[in-house]
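A short worksheet on the structure shown next.
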Amino acid sequence: MIKGYAGRVLEVDLRARTFSFAPLDEEIARLYIGGKGYGTRLLYDRTPAGIDPLGPENLLIFATGPLNGSVAPQSNRFAVICKSPLTGGIGNATCGGSFALGMKKAGIDILIVTHRADRPLRLEIDGDRDAVEFLDAGDLWGQGTYATQKLLSRKHQHAVIGPAGENLVLFAGIVSNERIAGRTGVGAVMGSKLLKAVSVRGSRKLDMEDPEKFKAYTKEVRKLFEDHPVLGESMKRYGTGGIVNTTNGRNILPTRNFQKGHFDRAMDISGEFLEDHELKGVKTSCIHCPVTCGRDVEVEGVGVVKGPEYETLALLGSNLEIGDIKKVSEWNYHADDLGMDTISLGATLSFAMELVERGMLDATLHFGDQTGITELIQDIGHRRGLGAELADGTKRLAAKYGGHDFAMHVKGLELSAYDPRGSFAQGVEYATTNRGGCHVQGASMYMESVGPLTINPQNLKLKADIPIMQQNIACAINSMVLCIFTTYGMIPKAVHEMDPSSFTHRALAFAFENLPGWMLRGSMRIKGKPMLWFEKWLTYITGTTFSSGHLQEIGARIFNLERMYNLREGLSAADDTLPPRILHESTFPDMDSGHPLHLLLPRYYKKRGWSADGVPLPRTLEKLQVRV
Amino acid sequence: MSVAVQLTYAMAKELGAQRLELEGAKTVADVLRMTRERFAADPARYDELTRVAAVAVNGVLVHYKRGAKTPVRDGDTVAFVKAAAGG
């Protein structure tokens, strides 16, 4: 068995109440690492085309990778893979917390949940005894994610759903501790199987190829992270909300359902404001992570709970024109407890507000008005009244009430909080990412809009190259499974400390921007020695050499397999688009129109090795060893 | 003619205002000078707080325009922008 893996796949049949352990498929692990990659391969191979995402044929796959279970910073994440009920295409989400560690300690790399229980169940898995118990969850059904986890055994690590998952809210997530696998409706799939919780325990240790090198190097990386301006300073001090004032200054902070990119009260919902006014002195992290990007807040009547992250501050704050961080924190708590993705939630609420504003929906919902939102969030989670309609997300709401031009989703997944009109590469990434309008299947905006060394985000240079590179590396990272924030450490401290108007900084930015695309992509293909920390960790743990070239290739393989899955499920190039508002309405005085996707998409397809219709060419699949 | 200035959080704390409204600024250089004047008691503090901040007009960094010579118009927003990461 390859080092770094537990070597076992556990399959649980909820209908038959049976389980079996099988050896990990080393060939899949070699080609797809683990996590999202391994899970996508399984989903593709083991489900026929056209299944109902909420039917018993869908698989719910929990997947770890070789970094999980180690003490590498940012490495305790698991991936969930299934067919998405929100998009009809590939569904996946990753989550921090502690469940990944629990799985590896139980000696399980991959957990496949099949079929559907006949009544609410929960699973208790003891990896040391190779035992799986199917326990009645009738008493937990209806409980929020906070209460559910409190009621479960403290000896286990848990992944649970809340009422939103039970009620098949199409953007329900799966929660571990206070973190959530939020996107694409993975929680609804778990709810459709009548599975309330999975609890794992065990005492196995990770077997590494070179533990001494790993240990010594990890010590170095922890120091590097602690000294880094993003990972060790701004994220540590302000959490992810530290970016609000930056996106606002760059005119890409979603405001009023993406009608604007600038919110006058942005400072009131920023990470700095949170630090000054709302933080309760506790900053939290996933296991073994020194970044501590989470922070606690006090919600009236509830107590101290996890505070909102950037996406929540934007989608439930500026995008609704709400500048009250206490309210956003309260809504964030309710969404977490119900087990819902706050991005899709916020975007669906803002879409409904605009429908009301235009007289297309009769409801008491208005931008800038907090009235009734708390109750509506509860109604969404429980599918009551208007909430039942909002629980299906923006795309389906638009199908019923109209408003396609301002329905802010891609492939059915609501856009996250970087307006692509001020971040063209991010727009290409949104349009082409297989799970839909998402910012963590890459992070192009960091290289063009918010990072310390950015290129001009509003011309065409590199705007088809950067998303490919970003999507590939994100696929690899989500398969290790590592936190995507690790990539923020790649730009060294010295660059962060440069004056942006200095000659050196501008020269560097100029050189970056004028780099030929082939050179950028070519440099990423070099299969040399491991350089970056995650390449070295993988190498020390597994004993196989991983460099950026290897990871780009693996990432491209995963991305193309996801693409083939989507094509098989009926998605097409027509789905590689952006909301009409983004394409045709300008939020910048010097722009006549919106995002120039029509100019960039053909370039992107060509560089991907796809046909003009967005289908991976046979030679591309062959080269990447993607078997379909 | 009025130009809005979006300050960084640290600058806003220092000045006790989230944003400034400046009258009479014609270029970014004017905006920077007039903002610095608000730190009259401690101009070095302004220099410190803006050292790694880029400047954007209506969201576009001025080094993609004409730098400090970039003209500003009535209703424009000039922002001090620091690099950051979120998710």
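A note on labels: chains of the structure tokens are A, B, ... as shown, every chain counts residues from 1, and ligands are counted from 1 in their shown order.
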Quiz item: Which neighbours of range 80-83 of chain B fall inside 8 Å, counting only C-alpha atoms, when residues of the same chain fewer than 4 positions from it are skipped, and could you give them as a list in words?
Solution: Ile243, Asn245, Thr246, Gly249, Arg250, Val450, Gly451, Pro452 and His496 of chain A; Val5, Gln6, Leu7, Thr8, Thr50, Val52, Ala53, Ala54, Val55 and Ala56 of chain B
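Using only C-alpha atoms, the protein and nucleic acid residues lying no more than 12 Å from Val62 in chain B, apart from those fewer than 2 places from it along its own chain, are Arg250, Asn456, Pro500, Ser501 and Arg506 of chain A; Thr27, Val28, Ala29, Ala53, Ala54, Val55, Ala56, Val57, Asn58, Gly59, Val60, Tyr64, Lys65, Arg66, Gly67, Ala68, Lys69, Thr70, Pro71, Val72, Val78, Ala79, Phe80 and Val81 of chain B.
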Residues as selected, C-alpha atoms, written as an mmCIF file, in the first residue's frame, can you do that?
data_model
loop_
_atom_site.group_PDB
_atom_site.id
_atom_site.type_symbol
_atom_site.label_atom_id
_atom_site.label_comp_id
_atom_site.auth_asym_id
_atom_site.auth_seq_id
_atom_site.Cartn_x
_atom_site.Cartn_y
_atom_site.Cartn_z
ATOM 1 C CA ARG A 250 -11.724 47.312 -6.291
ATOM 2 C CA ASN A 456 -4.672 44.289 -14.895
ATOM 3 C CA PRO A 500 2.590 49.159 -5.003
ATOM 4 C CA SER A 501 3.555 52.427 -6.658
ATOM 5 C CA ARG A 506 5.293 47.911 -11.113
ATOM 6 C CA THR B 27 -6.301 64.577 -9.988
ATOM 7 C CA VAL B 28 -5.353 61.616 -7.843
ATOM 8 C CA ALA B 29 -2.339 63.619 -6.685
ATOM 9 C CA ALA B 53 -1.791 50.547 -0.135
ATOM 10 C CA ALA B 54 -2.562 50.874 -3.817
ATOM 11 C CA VAL B 55 -4.912 53.586 -5.042
ATOM 12 C CA ALA B 56 -7.951 52.912 -7.193
ATOM 13 C CA VAL B 57 -10.377 55.246 -8.919
ATOM 14 C CA ASN B 58 -13.813 53.687 -9.189
ATOM 15 C CA GLY B 59 -12.201 50.315 -8.599
ATOM 16 C CA VAL B 60 -9.426 50.609 -11.196
ATOM 17 C CA TYR B 64 -3.317 51.185 -15.077
ATOM 18 C CA LYS B 65 -4.305 54.772 -15.768
ATOM 19 C CA ARG B 66 -2.044 57.777 -15.445
ATOM 20 C CA GLY B 67 -0.826 57.208 -11.931
ATOM 21 C CA ALA B 68 -1.042 60.249 -9.711
ATOM 22 C CA LYS B 69 -1.916 62.340 -12.769
ATOM 23 C CA THR B 70 -5.145 60.416 -13.292
ATOM 24 C CA PRO B 71 -7.964 62.948 -13.395
ATOM 25 C CA VAL B 72 -10.892 62.610 -11.012
ATOM 26 C CA VAL B 78 -10.931 57.034 -4.813
ATOM 27 C CA ALA B 79 -9.987 54.083 -2.627
ATOM 28 C CA PHE B 80 -6.900 53.115 -0.700
ATOM 29 C CA VAL B 81 -6.663 49.381 -1.259
#
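Put simply, CA of Gly127 in chain A is 9.9 Å away from CA of Leu10 in chain A.
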Exercise. Pull out every residue of chain A sitting within 9 Å of chain B, counting only C-alpha atoms, and send them as an NGL selection string.
Key: :A and (230-231 or 234-235 or 239-252 or 261-262 or 264-265 or 267 or 270 or 272-273 or 309-311 or 417 or 422 or 439-440 or 443 or 446 or 449-453 or 456-458 or 484-485 or 488 or 496-501 or 506 or 588-589)
Self-check item: Those in range 165-211 of chain A with strand (DSSP E) from DSSP, as an MDAnalysis selection string
Solution: chainID A and resid 174:176 179:181 195:201
